[in-house]
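Note: the block below is structure.csv and it holds CSV, N, CA and C atoms.
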```csv
chain,number,residue,atom,x,y,z
A,20,MET,N,29.8,37.9,7.5
A,20,MET,CA,29.8,39.3,7.7
A,20,MET,C,28.9,40.0,6.7
A,21,PRO,N,27.9,40.8,7.0
A,21,PRO,CA,27.1,41.5,6.0
A,21,PRO,C,27.8,42.5,5.2
A,22,LYS,N,27.4,42.6,3.9
A,22,LYS,CA,27.9,43.6,3.0
A,22,LYS,C,27.5,45.0,3.5
A,23,ARG,N,28.4,46.0,3.4
A,23,ARG,CA,28.0,47.3,3.9
A,23,ARG,C,27.7,48.2,2.7
A,24,VAL,N,26.6,49.0,2.9
A,24,VAL,CA,26.1,49.9,1.9
A,24,VAL,C,26.0,51.3,2.5
A,25,LEU,N,26.5,52.3,1.7
A,25,LEU,CA,26.3,53.7,2.1
A,25,LEU,C,25.3,54.2,1.1
A,26,ALA,N,24.1,54.7,1.6
A,26,ALA,CA,23.1,55.3,0.8
A,26,ALA,C,23.3,56.8,0.8
A,27,LEU,N,23.9,57.4,-0.2
A,27,LEU,CA,24.2,58.8,-0.3
A,27,LEU,C,23.2,59.5,-1.1
A,28,GLY,N,22.5,60.5,-0.6
A,28,GLY,CA,21.5,61.2,-1.3
A,28,GLY,C,21.3,62.6,-0.8
A,29,LEU,N,20.5,63.3,-1.6
A,29,LEU,CA,20.1,64.7,-1.3
A,29,LEU,C,19.0,64.6,-0.3
A,30,ASP,N,19.2,65.4,0.8
A,30,ASP,CA,18.2,65.5,1.8
A,30,ASP,C,16.9,66.0,1.2
A,31,PRO,N,15.8,65.4,1.3
A,31,PRO,CA,14.6,65.8,0.7
A,31,PRO,C,14.2,67.3,1.1
A,32,ALA,N,14.7,67.8,2.2
A,32,ALA,CA,14.4,69.1,2.6
A,32,ALA,C,15.0,70.1,1.6
A,33,PHE,N,16.0,69.7,0.8
A,33,PHE,CA,16.6,70.6,-0.1
A,33,PHE,C,16.2,70.4,-1.6
A,34,ALA,N,15.3,69.4,-1.8
A,34,ALA,CA,14.9,69.1,-3.2
A,34,ALA,C,13.9,70.1,-3.7
A,35,ASP,N,13.9,70.3,-5.0
A,35,ASP,CA,13.0,71.2,-5.7
A,35,ASP,C,11.8,70.3,-6.2
A,36,PHE,N,10.7,70.4,-5.6
A,36,PHE,CA,9.5,69.6,-6.0
A,36,PHE,C,8.6,70.3,-7.0
A,37,THR,N,9.0,71.5,-7.5
A,37,THR,CA,8.1,72.2,-8.4
A,37,THR,C,7.7,71.4,-9.7
A,38,GLN,N,8.6,70.6,-10.1
A,38,GLN,CA,8.4,69.8,-11.3
A,38,GLN,C,7.8,68.4,-11.0
A,39,LEU,N,7.6,68.1,-9.7
A,39,LEU,CA,7.1,66.8,-9.3
A,39,LEU,C,5.9,66.9,-8.5
A,40,PRO,N,4.8,67.2,-9.1
A,40,PRO,CA,3.5,67.4,-8.3
A,40,PRO,C,3.2,66.1,-7.5
A,41,GLY,N,2.7,66.4,-6.3
A,41,GLY,CA,2.3,65.2,-5.5
A,41,GLY,C,3.4,64.7,-4.6
A,42,LEU,N,4.6,65.0,-4.9
A,42,LEU,CA,5.7,64.6,-4.0
A,42,LEU,C,6.0,65.7,-3.0
A,43,THR,N,6.4,65.2,-1.8
A,43,THR,CA,6.7,66.1,-0.7
A,43,THR,C,8.0,65.6,-0.1
A,44,PRO,N,8.7,66.4,0.7
A,44,PRO,CA,9.8,65.9,1.4
A,44,PRO,C,9.5,64.7,2.3
A,45,ALA,N,8.3,64.8,3.0
A,45,ALA,CA,7.9,63.7,3.9
A,45,ALA,C,7.7,62.4,3.1
A,46,LEU,N,7.1,62.5,2.0
A,46,LEU,CA,6.8,61.3,1.2
A,46,LEU,C,8.1,60.7,0.7
A,47,ILE,N,9.1,61.5,0.2
A,47,ILE,CA,10.4,61.0,-0.2
A,47,ILE,C,11.1,60.4,1.0
A,48,GLU,N,11.1,61.0,2.1
A,48,GLU,CA,11.7,60.4,3.3
A,48,GLU,C,11.1,59.1,3.6
A,49,SER,N,9.8,58.9,3.5
A,49,SER,CA,9.2,57.6,3.8
A,49,SER,C,9.7,56.6,2.8
A,50,TYR,N,9.8,56.9,1.5
A,50,TYR,CA,10.4,56.0,0.5
A,50,TYR,C,11.8,55.6,0.8
A,51,ILE,N,12.6,56.6,1.2
A,51,ILE,CA,14.0,56.3,1.6
A,51,ILE,C,14.1,55.4,2.7
A,52,ASP,N,13.3,55.7,3.8
A,52,ASP,CA,13.3,54.8,5.0
A,52,ASP,C,12.9,53.4,4.7
A,53,ALA,N,11.9,53.3,3.8
A,53,ALA,CA,11.4,51.9,3.5
A,53,ALA,C,12.4,51.2,2.7
A,54,GLN,N,13.2,51.8,1.8
A,54,GLN,CA,14.2,51.1,1.1
A,54,GLN,C,15.4,50.7,1.9
A,55,LEU,N,15.7,51.6,2.9
A,55,LEU,CA,16.8,51.2,3.8
A,55,LEU,C,16.4,50.0,4.6
A,56,GLU,N,15.2,50.0,5.1
A,56,GLU,CA,14.7,48.9,5.9
A,56,GLU,C,14.7,47.6,5.0
A,57,ARG,N,14.3,47.8,3.8
A,57,ARG,CA,14.2,46.6,2.9
A,57,ARG,C,15.6,46.1,2.7
A,58,LEU,N,16.6,46.9,2.5
A,58,LEU,CA,18.0,46.5,2.3
A,58,LEU,C,18.5,45.7,3.6
A,59,ARG,N,18.1,46.3,4.7
A,59,ARG,CA,18.5,45.6,6.0
A,59,ARG,C,17.8,44.2,6.1
A,60,GLY,N,16.6,44.2,5.6
A,60,GLY,CA,15.9,42.9,5.6
A,60,GLY,C,16.5,41.9,4.7
A,61,LEU,N,17.2,42.4,3.6
A,61,LEU,CA,17.8,41.5,2.7
A,61,LEU,C,19.2,41.1,3.2
A,62,GLY,N,19.6,41.6,4.3
A,62,GLY,CA,20.9,41.1,4.9
A,62,GLY,C,22.1,42.1,4.8
A,63,TYR,N,21.8,43.3,4.3
A,63,TYR,CA,22.9,44.3,4.1
A,63,TYR,C,22.9,45.2,5.4
A,64,GLU,N,24.1,45.7,5.7
A,64,GLU,CA,24.3,46.7,6.7
A,64,GLU,C,24.3,48.0,6.0
A,65,VAL,N,23.4,48.9,6.4
A,65,VAL,CA,23.1,50.1,5.6
A,65,VAL,C,23.3,51.3,6.5
A,66,GLU,N,24.0,52.3,5.9
A,66,GLU,CA,24.2,53.6,6.6
A,66,GLU,C,23.6,54.7,5.6
A,67,SER,N,22.8,55.6,6.1
A,67,SER,CA,22.2,56.6,5.3
A,67,SER,C,23.0,57.9,5.5
A,68,CYS,N,23.3,58.6,4.4
A,68,CYS,CA,24.0,59.9,4.4
A,68,CYS,C,23.2,60.8,3.5
A,69,LEU,N,22.5,61.7,4.1
A,69,LEU,CA,21.7,62.7,3.3
A,69,LEU,C,22.5,64.1,3.5
A,70,VAL,N,22.6,64.7,2.3
A,70,VAL,CA,23.4,66.0,2.3
A,70,VAL,C,22.6,67.1,1.8
A,71,ASP,N,23.2,68.3,2.1
A,71,ASP,CA,22.5,69.6,1.6
A,71,ASP,C,23.0,69.9,0.2
A,72,LEU,N,22.7,71.1,-0.3
A,72,LEU,CA,23.0,71.4,-1.7
A,72,LEU,C,24.5,71.8,-1.9
A,73,GLY,N,25.3,71.6,-0.9
A,73,GLY,CA,26.8,71.8,-1.2
A,73,GLY,C,27.5,72.5,-0.1
A,74,GLU,N,26.8,73.2,0.8
A,74,GLU,CA,27.5,74.0,1.8
A,74,GLU,C,28.3,73.0,2.7
A,75,THR,N,27.7,71.9,3.1
A,75,THR,CA,28.4,71.0,4.0
A,75,THR,C,28.4,69.6,3.4
A,76,ALA,N,27.9,69.4,2.2
A,76,ALA,CA,27.7,68.1,1.6
A,76,ALA,C,29.0,67.2,1.6
A,77,GLU,N,30.1,67.8,1.1
A,77,GLU,CA,31.3,67.0,1.0
A,77,GLU,C,31.9,66.6,2.4
A,78,GLU,N,31.8,67.5,3.4
A,78,GLU,CA,32.2,67.3,4.7
A,78,GLU,C,31.4,66.1,5.3
A,79,VAL,N,30.1,66.2,5.2
A,79,VAL,CA,29.2,65.2,5.7
A,79,VAL,C,29.5,63.8,5.1
A,80,ALA,N,29.6,63.8,3.7
A,80,ALA,CA,29.9,62.6,3.0
A,80,ALA,C,31.2,62.0,3.4
A,81,ALA,N,32.2,62.8,3.5
A,81,ALA,CA,33.6,62.4,3.9
A,81,ALA,C,33.5,61.7,5.3
A,82,ARG,N,32.8,62.3,6.2
A,82,ARG,CA,32.7,61.7,7.6
A,82,ARG,C,32.0,60.3,7.5
A,83,HIS,N,31.0,60.2,6.7
A,83,HIS,CA,30.4,58.9,6.6
A,83,HIS,C,31.3,57.9,5.9
A,84,LEU,N,32.0,58.3,4.9
A,84,LEU,CA,32.9,57.4,4.2
A,84,LEU,C,34.1,57.0,5.1
A,85,ALA,N,34.5,57.8,6.0
A,85,ALA,CA,35.5,57.5,6.9
A,85,ALA,C,35.1,56.3,7.9
A,86,ALA,N,33.8,56.1,8.0
A,86,ALA,CA,33.3,55.0,8.8
A,86,ALA,C,33.3,53.7,8.1
A,87,GLY,N,33.8,53.7,6.8
A,87,GLY,CA,33.8,52.5,6.0
A,87,GLY,C,34.7,51.4,6.6
A,88,PRO,N,35.1,50.4,5.8
A,88,PRO,CA,34.9,50.4,4.4
A,88,PRO,C,33.4,50.0,4.0
A,89,PHE,N,33.1,50.4,2.8
A,89,PHE,CA,31.8,50.1,2.2
A,89,PHE,C,32.0,49.2,1.0
A,90,ASP,N,31.1,48.3,0.8
A,90,ASP,CA,31.1,47.4,-0.4
A,90,ASP,C,30.4,48.0,-1.5
A,91,CYS,N,29.5,48.9,-1.2
A,91,CYS,CA,28.7,49.6,-2.3
A,91,CYS,C,28.2,51.0,-1.8
A,92,VAL,N,28.2,51.9,-2.7
A,92,VAL,CA,27.7,53.2,-2.5
A,92,VAL,C,26.6,53.5,-3.5
A,93,VAL,N,25.4,53.7,-3.0
A,93,VAL,CA,24.3,54.0,-3.9
A,93,VAL,C,24.1,55.5,-3.9
A,94,MET,N,24.1,56.1,-5.1
A,94,MET,CA,23.9,57.6,-5.1
A,94,MET,C,22.5,57.9,-5.6
A,95,GLY,N,21.8,58.6,-4.8
A,95,GLY,CA,20.4,58.9,-5.1
A,95,GLY,C,20.1,59.8,-6.3
A,96,ALA,N,18.9,59.6,-6.8
A,96,ALA,CA,18.5,60.3,-8.0
A,96,ALA,C,18.5,61.8,-7.8
A,97,GLY,N,18.2,62.3,-6.6
A,97,GLY,CA,18.2,63.7,-6.4
A,97,GLY,C,19.6,64.4,-6.6
A,98,LEU,N,20.6,63.6,-6.4
A,98,LEU,CA,22.0,64.2,-6.6
A,98,LEU,C,22.3,64.3,-8.1
A,99,ARG,N,21.6,63.5,-8.9
A,99,ARG,CA,21.9,63.4,-10.3
A,99,ARG,C,21.0,64.3,-11.2
A,100,ALA,N,20.2,65.1,-10.5
A,100,ALA,CA,19.4,66.1,-11.2
A,100,ALA,C,20.3,67.1,-11.9
A,101,PRO,N,19.9,67.5,-13.1
A,101,PRO,CA,20.8,68.4,-13.9
A,101,PRO,C,21.3,69.6,-13.1
A,102,GLU,N,20.4,70.2,-12.3
A,102,GLU,CA,20.8,71.4,-11.5
A,102,GLU,C,21.8,71.0,-10.4
A,103,GLN,N,22.1,69.8,-10.1
A,103,GLN,CA,23.0,69.3,-9.1
A,103,GLN,C,24.3,68.8,-9.7
A,104,LEU,N,24.5,69.0,-11.0
A,104,LEU,CA,25.7,68.4,-11.7
A,104,LEU,C,27.0,68.6,-10.9
A,105,LEU,N,27.3,69.8,-10.5
A,105,LEU,CA,28.6,70.1,-9.9
A,105,LEU,C,28.7,69.4,-8.5
A,106,LEU,N,27.6,69.4,-7.8
A,106,LEU,CA,27.6,68.7,-6.5
A,106,LEU,C,27.8,67.2,-6.7
A,107,PHE,N,27.1,66.6,-7.7
A,107,PHE,CA,27.2,65.2,-8.0
A,107,PHE,C,28.6,64.9,-8.4
A,108,GLU,N,29.3,65.7,-9.2
A,108,GLU,CA,30.7,65.4,-9.6
A,108,GLU,C,31.6,65.4,-8.4
A,109,ARG,N,31.4,66.4,-7.5
A,109,ARG,CA,32.3,66.5,-6.3
A,109,ARG,C,32.1,65.3,-5.5
A,110,LEU,N,30.8,64.9,-5.2
A,110,LEU,CA,30.6,63.7,-4.4
A,110,LEU,C,31.0,62.4,-5.0
A,111,LEU,N,30.8,62.3,-6.3
A,111,LEU,CA,31.3,61.1,-7.0
A,111,LEU,C,32.8,60.9,-6.9
A,112,ASN,N,33.5,62.0,-7.1
A,112,ASN,CA,35.0,61.9,-7.0
A,112,ASN,C,35.4,61.7,-5.5
A,113,LEU,N,34.7,62.2,-4.6
A,113,LEU,CA,35.0,61.9,-3.2
A,113,LEU,C,34.8,60.5,-2.9
A,114,VAL,N,33.7,59.9,-3.3
A,114,VAL,CA,33.5,58.4,-3.2
A,114,VAL,C,34.6,57.6,-3.8
A,115,HIS,N,35.0,58.0,-5.0
A,115,HIS,CA,36.0,57.3,-5.7
A,115,HIS,C,37.3,57.4,-4.9
A,116,ALA,N,37.6,58.5,-4.4
A,116,ALA,CA,38.9,58.7,-3.6
A,116,ALA,C,38.8,58.0,-2.2
A,117,ARG,N,37.7,58.0,-1.5
A,117,ARG,CA,37.6,57.5,-0.2
A,117,ARG,C,37.2,56.1,-0.1
A,118,ALA,N,36.5,55.6,-1.1
A,118,ALA,CA,36.0,54.2,-1.1
A,118,ALA,C,36.3,53.6,-2.5
A,119,PRO,N,37.6,53.5,-2.8
A,119,PRO,CA,38.0,53.0,-4.2
A,119,PRO,C,37.6,51.6,-4.5
A,120,ARG,N,37.3,50.8,-3.5
A,120,ARG,CA,36.9,49.4,-3.8
A,120,ARG,C,35.4,49.2,-3.8
A,121,ALA,N,34.7,50.2,-3.4
A,121,ALA,CA,33.2,50.1,-3.4
A,121,ALA,C,32.6,50.1,-4.8
A,122,ASN,N,31.6,49.3,-5.0
A,122,ASN,CA,30.8,49.4,-6.2
A,122,ASN,C,30.0,50.6,-6.1
A,123,ILE,N,29.7,51.3,-7.2
A,123,ILE,CA,28.9,52.5,-7.2
A,123,ILE,C,27.7,52.2,-8.0
A,124,CYS,N,26.5,52.5,-7.5
A,124,CYS,CA,25.3,52.2,-8.2
A,124,CYS,C,24.3,53.4,-8.1
A,125,PHE,N,23.3,53.4,-8.9
A,125,PHE,CA,22.3,54.5,-9.0
A,125,PHE,C,20.9,54.0,-9.0
A,126,ASN,N,20.1,54.6,-8.1
A,126,ASN,CA,18.7,54.2,-8.2
A,126,ASN,C,18.0,55.2,-9.2
A,127,THR,N,16.8,54.8,-9.7
A,127,THR,CA,16.1,55.7,-10.6
A,127,THR,C,15.0,56.5,-9.9
A,128,THR,N,14.5,55.9,-8.8
A,128,THR,CA,13.5,56.6,-7.9
A,128,THR,C,13.8,56.3,-6.5
A,129,PRO,N,13.2,56.9,-5.5
A,129,PRO,CA,13.4,56.6,-4.1
A,129,PRO,C,12.9,55.2,-3.8
A,130,ALA,N,12.2,54.6,-4.7
A,130,ALA,CA,11.5,53.3,-4.4
A,130,ALA,C,12.3,52.1,-5.0
A,131,ASP,N,13.4,52.3,-5.7
A,131,ASP,CA,14.2,51.1,-6.3
A,131,ASP,C,15.6,51.1,-5.9
A,132,THR,N,15.9,51.6,-4.7
A,132,THR,CA,17.3,51.5,-4.2
A,132,THR,C,17.8,50.1,-4.0
A,133,ALA,N,16.9,49.2,-3.4
A,133,ALA,CA,17.4,47.9,-3.2
A,133,ALA,C,17.8,47.2,-4.5
A,134,GLU,N,17.0,47.4,-5.6
A,134,GLU,CA,17.3,46.8,-6.9
A,134,GLU,C,18.6,47.3,-7.4
A,135,ALA,N,18.9,48.6,-7.2
A,135,ALA,CA,20.2,49.2,-7.6
A,135,ALA,C,21.4,48.5,-6.9
A,136,VAL,N,21.2,48.3,-5.6
A,136,VAL,CA,22.3,47.7,-4.8
A,136,VAL,C,22.5,46.2,-5.3
A,137,GLN,N,21.4,45.5,-5.4
A,137,GLN,CA,21.4,44.1,-5.8
A,137,GLN,C,22.0,43.9,-7.2
A,138,ARG,N,22.0,44.9,-8.1
A,138,ARG,CA,22.6,44.7,-9.4
A,138,ARG,C,24.1,44.5,-9.2
A,139,TRP,N,24.7,45.1,-8.1
A,139,TRP,CA,26.2,45.1,-8.0
A,139,TRP,C,26.7,44.4,-6.8
A,140,LEU,N,25.8,44.0,-5.9
A,140,LEU,CA,26.2,43.4,-4.6
A,140,LEU,C,25.2,42.4,-4.1
A,141,ALA,N,25.7,41.1,-4.1
A,141,ALA,CA,24.8,40.1,-3.5
A,141,ALA,C,25.0,40.2,-1.9
A,142,PRO,N,23.9,39.9,-1.2
A,142,PRO,CA,24.0,40.1,0.3
A,142,PRO,C,25.0,39.1,0.9
```
Take the structure in the file and give it back as structure tokens.
Amino acid sequence: MPKRVLALGLDPAFADFTQLPGLTPALIESYIDAQLERLRGLGYEVESCLVDLGETAEEVAARHLAAGPFDCVVMGAGLRAPEQLLLFERLLNLVHARAPRANICFNTTPADTAEAVQRWLAP
């Protein structure tokens, strides 16, 4: 049975790219999609959960977590930006409450999600 991974991140449509010249929502989406496909190719079952800046983020994340159990939850770098601290805390505590047995990991860019998962979870 494949290990299940929830990829929880900020929807690129809500990200602030003013400090990241050259990046666009479409480019970030392509990185995310490529990493999810890479994880699937490595033998993981992956579900993506992209959230807004807080209006529905917890509700959306809770719905995805209810589809568990998950062996690992990777929390994207966009959620960990300083301006997203309160959202990150709420989502991290939601993951802790709803998926207490899941490993939690963090990517550093949209291009190293597979490495983050592999640090904590063998396929």
Selection: 8 Å around segment 78-83 of chain A, all atoms listed in the file, excl. self and same-chain fewer than 6 positions, as a list of chain:residue names: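 Returned residues: A:Leu25, A:Leu27, A:Ser67, A:Cys68, A:Leu69, A:Val70, A:Asp71, A:Leu110, A:Leu113, A:Val114, A:Arg117.
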Test item: which residues lie within 8 Å of (19.0, 63.6, -4.1) counting only N, CA and C atoms, as an MDAnalysis selection string: chainID A and resid 27:31 33:34 69:70 94:100
Save the residues we just selected, N, CA and C atoms, as a PDB file, keeping the file's coordinate frame?
```pdb
ATOM      1  N   LEU A  27      23.900  57.400  -0.200  1.00  0.00           N
ATOM      2  CA  LEU A  27      24.200  58.800  -0.300  1.00  0.00           C
ATOM      3  C   LEU A  27      23.200  59.500  -1.100  1.00  0.00           C
ATOM      4  N   GLY A  28      22.500  60.500  -0.600  1.00  0.00           N
ATOM      5  CA  GLY A  28      21.500  61.200  -1.300  1.00  0.00           C
ATOM      6  C   GLY A  28      21.300  62.600  -0.800  1.00  0.00           C
ATOM      7  N   LEU A  29      20.500  63.300  -1.600  1.00  0.00           N
ATOM      8  CA  LEU A  29      20.100  64.700  -1.300  1.00  0.00           C
ATOM      9  C   LEU A  29      19.000  64.600  -0.300  1.00  0.00           C
ATOM     10  N   ASP A  30      19.200  65.400   0.800  1.00  0.00           N
ATOM     11  CA  ASP A  30      18.200  65.500   1.800  1.00  0.00           C
ATOM     12  C   ASP A  30      16.900  66.000   1.200  1.00  0.00           C
ATOM     13  N   PRO A  31      15.800  65.400   1.300  1.00  0.00           N
ATOM     14  CA  PRO A  31      14.600  65.800   0.700  1.00  0.00           C
ATOM     15  C   PRO A  31      14.200  67.300   1.100  1.00  0.00           C
ATOM     16  N   PHE A  33      16.000  69.700   0.800  1.00  0.00           N
ATOM     17  CA  PHE A  33      16.600  70.600  -0.100  1.00  0.00           C
ATOM     18  C   PHE A  33      16.200  70.400  -1.600  1.00  0.00           C
ATOM     19  N   ALA A  34      15.300  69.400  -1.800  1.00  0.00           N
ATOM     20  CA  ALA A  34      14.900  69.100  -3.200  1.00  0.00           C
ATOM     21  C   ALA A  34      13.900  70.100  -3.700  1.00  0.00           C
ATOM     22  N   LEU A  69      22.500  61.700   4.100  1.00  0.00           N
ATOM     23  CA  LEU A  69      21.700  62.700   3.300  1.00  0.00           C
ATOM     24  C   LEU A  69      22.500  64.100   3.500  1.00  0.00           C
ATOM     25  N   VAL A  70      22.600  64.700   2.300  1.00  0.00           N
ATOM     26  CA  VAL A  70      23.400  66.000   2.300  1.00  0.00           C
ATOM     27  C   VAL A  70      22.600  67.100   1.800  1.00  0.00           C
ATOM     28  N   MET A  94      24.100  56.100  -5.100  1.00  0.00           N
ATOM     29  CA  MET A  94      23.900  57.600  -5.100  1.00  0.00           C
ATOM     30  C   MET A  94      22.500  57.900  -5.600  1.00  0.00           C
ATOM     31  N   GLY A  95      21.800  58.600  -4.800  1.00  0.00           N
ATOM     32  CA  GLY A  95      20.400  58.900  -5.100  1.00  0.00           C
ATOM     33  C   GLY A  95      20.100  59.800  -6.300  1.00  0.00           C
ATOM     34  N   ALA A  96      18.900  59.600  -6.800  1.00  0.00           N
ATOM     35  CA  ALA A  96      18.500  60.300  -8.000  1.00  0.00           C
ATOM     36  C   ALA A  96      18.500  61.800  -7.800  1.00  0.00           C
ATOM     37  N   GLY A  97      18.200  62.300  -6.600  1.00  0.00           N
ATOM     38  CA  GLY A  97      18.200  63.700  -6.400  1.00  0.00           C
ATOM     39  C   GLY A  97      19.600  64.400  -6.600  1.00  0.00           C
ATOM     40  N   LEU A  98      20.600  63.600  -6.400  1.00  0.00           N
ATOM     41  CA  LEU A  98      22.000  64.200  -6.600  1.00  0.00           C
ATOM     42  C   LEU A  98      22.300  64.300  -8.100  1.00  0.00           C
ATOM     43  N   ARG A  99      21.600  63.500  -8.900  1.00  0.00           N
ATOM     44  CA  ARG A  99      21.900  63.400 -10.300  1.00  0.00           C
ATOM     45  C   ARG A  99      21.000  64.300 -11.200  1.00  0.00           C
ATOM     46  N   ALA A 100      20.200  65.100 -10.500  1.00  0.00           N
ATOM     47  CA  ALA A 100      19.400  66.100 -11.200  1.00  0.00           C
ATOM     48  C   ALA A 100      20.300  67.100 -11.900  1.00  0.00           C
TER      49      ALA A 100
END
```
Pairwise distance for atom CA of Ala45 of chain A and atom CA of Thr128 of chain A, rounded to one decimal in Å: 14.9 Å
Distance in Å - atom CA of Ile123 of chain A versus atom N of Glu56 of chain A: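 Spanning atom CA of Ile123 of chain A to atom N of Glu56 of chain A is a straight-line distance of 18.6 Å.
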Shortest interatomic distance to Val92 of chain A - which of A:Leu42, A:Ala26, A:Leu55, A:Leu104, counting all atoms listed in the file: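 Counting all atoms listed in the file, the residue closest to Val92 of chain A is A:Ala26.
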Among the residues A:Val93, A:Met20, A:Ala32, A:Leu84, the one that comes closest to Val136 of chain A [using only N, CA and C atoms]: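 Closest residue, counting only N, CA and C atoms: A:Val93.
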Coordinates-based distance that separates atom N of His115 of chain A from atom C of Gln137 of chain A (Å, one decimal):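 Going from atom C of Gln137 of chain A over to atom N of His115 of chain A covers 19.3 Å.
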Among listed residues A:Ala118, A:Ile51, A:Leu105, A:Ala76, nearest Phe89 of chain A (using only C-alpha atoms): A:Ala118
Residues of chain A in alpha helix (DSSP H), written as a ChimeraX atom specification: /A:44-60,76-85,104-117,132-139
Using all atoms listed in the file: which of A:Arg138, A:Phe125, A:Arg109, A:Asp52 has the shortest distance to Glu77 of chain A: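 When distances to Glu77 of chain A are compared using all atoms listed in the file, the smallest one comes from A:Arg109.
Using all atoms listed in the file, the shortest contact distance between Gly62 of chain A and any of A:Cys124, A:Pro21, A:Pro101, A:Ser49 is found at A:Pro21.
When DSSP is run on the backbone, the residues of chain A that fall into strand (DSSP E or B) are Arg23, Val24, Leu25, Ala26, Leu27, Gly28, Leu29, Glu64, Val65, Glu66, Ser67, Cys68, Leu69, Val70, Cys91, Val92, Val93, Met94, Asn122, Ile123, Cys124 and Phe125 of chain A.
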Write to file, as a PDB file, keeping the file's coordinate frame, the residues of the selection just made, with N, CA and C atoms.
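Once written, result11.pdb looks like this:
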```pdb
ATOM      1  N   ARG A  23      28.400  46.000   3.400  1.00  0.00           N
ATOM      2  CA  ARG A  23      28.000  47.300   3.900  1.00  0.00           C
ATOM      3  C   ARG A  23      27.700  48.200   2.700  1.00  0.00           C
ATOM      4  N   VAL A  24      26.600  49.000   2.900  1.00  0.00           N
ATOM      5  CA  VAL A  24      26.100  49.900   1.900  1.00  0.00           C
ATOM      6  C   VAL A  24      26.000  51.300   2.500  1.00  0.00           C
ATOM      7  N   LEU A  25      26.500  52.300   1.700  1.00  0.00           N
ATOM      8  CA  LEU A  25      26.300  53.700   2.100  1.00  0.00           C
ATOM      9  C   LEU A  25      25.300  54.200   1.100  1.00  0.00           C
ATOM     10  N   ALA A  26      24.100  54.700   1.600  1.00  0.00           N
ATOM     11  CA  ALA A  26      23.100  55.300   0.800  1.00  0.00           C
ATOM     12  C   ALA A  26      23.300  56.800   0.800  1.00  0.00           C
ATOM     13  N   LEU A  27      23.900  57.400  -0.200  1.00  0.00           N
ATOM     14  CA  LEU A  27      24.200  58.800  -0.300  1.00  0.00           C
ATOM     15  C   LEU A  27      23.200  59.500  -1.100  1.00  0.00           C
ATOM     16  N   GLY A  28      22.500  60.500  -0.600  1.00  0.00           N
ATOM     17  CA  GLY A  28      21.500  61.200  -1.300  1.00  0.00           C
ATOM     18  C   GLY A  28      21.300  62.600  -0.800  1.00  0.00           C
ATOM     19  N   LEU A  29      20.500  63.300  -1.600  1.00  0.00           N
ATOM     20  CA  LEU A  29      20.100  64.700  -1.300  1.00  0.00           C
ATOM     21  C   LEU A  29      19.000  64.600  -0.300  1.00  0.00           C
ATOM     22  N   GLU A  64      24.100  45.700   5.700  1.00  0.00           N
ATOM     23  CA  GLU A  64      24.300  46.700   6.700  1.00  0.00           C
ATOM     24  C   GLU A  64      24.300  48.000   6.000  1.00  0.00           C
ATOM     25  N   VAL A  65      23.400  48.900   6.400  1.00  0.00           N
ATOM     26  CA  VAL A  65      23.100  50.100   5.600  1.00  0.00           C
ATOM     27  C   VAL A  65      23.300  51.300   6.500  1.00  0.00           C
ATOM     28  N   GLU A  66      24.000  52.300   5.900  1.00  0.00           N
ATOM     29  CA  GLU A  66      24.200  53.600   6.600  1.00  0.00           C
ATOM     30  C   GLU A  66      23.600  54.700   5.600  1.00  0.00           C
ATOM     31  N   SER A  67      22.800  55.600   6.100  1.00  0.00           N
ATOM     32  CA  SER A  67      22.200  56.600   5.300  1.00  0.00           C
ATOM     33  C   SER A  67      23.000  57.900   5.500  1.00  0.00           C
ATOM     34  N   CYS A  68      23.300  58.600   4.400  1.00  0.00           N
ATOM     35  CA  CYS A  68      24.000  59.900   4.400  1.00  0.00           C
ATOM     36  C   CYS A  68      23.200  60.800   3.500  1.00  0.00           C
ATOM     37  N   LEU A  69      22.500  61.700   4.100  1.00  0.00           N
ATOM     38  CA  LEU A  69      21.700  62.700   3.300  1.00  0.00           C
ATOM     39  C   LEU A  69      22.500  64.100   3.500  1.00  0.00           C
ATOM     40  N   VAL A  70      22.600  64.700   2.300  1.00  0.00           N
ATOM     41  CA  VAL A  70      23.400  66.000   2.300  1.00  0.00           C
ATOM     42  C   VAL A  70      22.600  67.100   1.800  1.00  0.00           C
ATOM     43  N   CYS A  91      29.500  48.900  -1.200  1.00  0.00           N
ATOM     44  CA  CYS A  91      28.700  49.600  -2.300  1.00  0.00           C
ATOM     45  C   CYS A  91      28.200  51.000  -1.800  1.00  0.00           C
ATOM     46  N   VAL A  92      28.200  51.900  -2.700  1.00  0.00           N
ATOM     47  CA  VAL A  92      27.700  53.200  -2.500  1.00  0.00           C
ATOM     48  C   VAL A  92      26.600  53.500  -3.500  1.00  0.00           C
ATOM     49  N   VAL A  93      25.400  53.700  -3.000  1.00  0.00           N
ATOM     50  CA  VAL A  93      24.300  54.000  -3.900  1.00  0.00           C
ATOM     51  C   VAL A  93      24.100  55.500  -3.900  1.00  0.00           C
ATOM     52  N   MET A  94      24.100  56.100  -5.100  1.00  0.00           N
ATOM     53  CA  MET A  94      23.900  57.600  -5.100  1.00  0.00           C
ATOM     54  C   MET A  94      22.500  57.900  -5.600  1.00  0.00           C
ATOM     55  N   ASN A 122      31.600  49.300  -5.000  1.00  0.00           N
ATOM     56  CA  ASN A 122      30.800  49.400  -6.200  1.00  0.00           C
ATOM     57  C   ASN A 122      30.000  50.600  -6.100  1.00  0.00           C
ATOM     58  N   ILE A 123      29.700  51.300  -7.200  1.00  0.00           N
ATOM     59  CA  ILE A 123      28.900  52.500  -7.200  1.00  0.00           C
ATOM     60  C   ILE A 123      27.700  52.200  -8.000  1.00  0.00           C
ATOM     61  N   CYS A 124      26.500  52.500  -7.500  1.00  0.00           N
ATOM     62  CA  CYS A 124      25.300  52.200  -8.200  1.00  0.00           C
ATOM     63  C   CYS A 124      24.300  53.400  -8.100  1.00  0.00           C
ATOM     64  N   PHE A 125      23.300  53.400  -8.900  1.00  0.00           N
ATOM     65  CA  PHE A 125      22.300  54.500  -9.000  1.00  0.00           C
ATOM     66  C   PHE A 125      20.900  54.000  -9.000  1.00  0.00           C
TER      67      PHE A 125
END
```
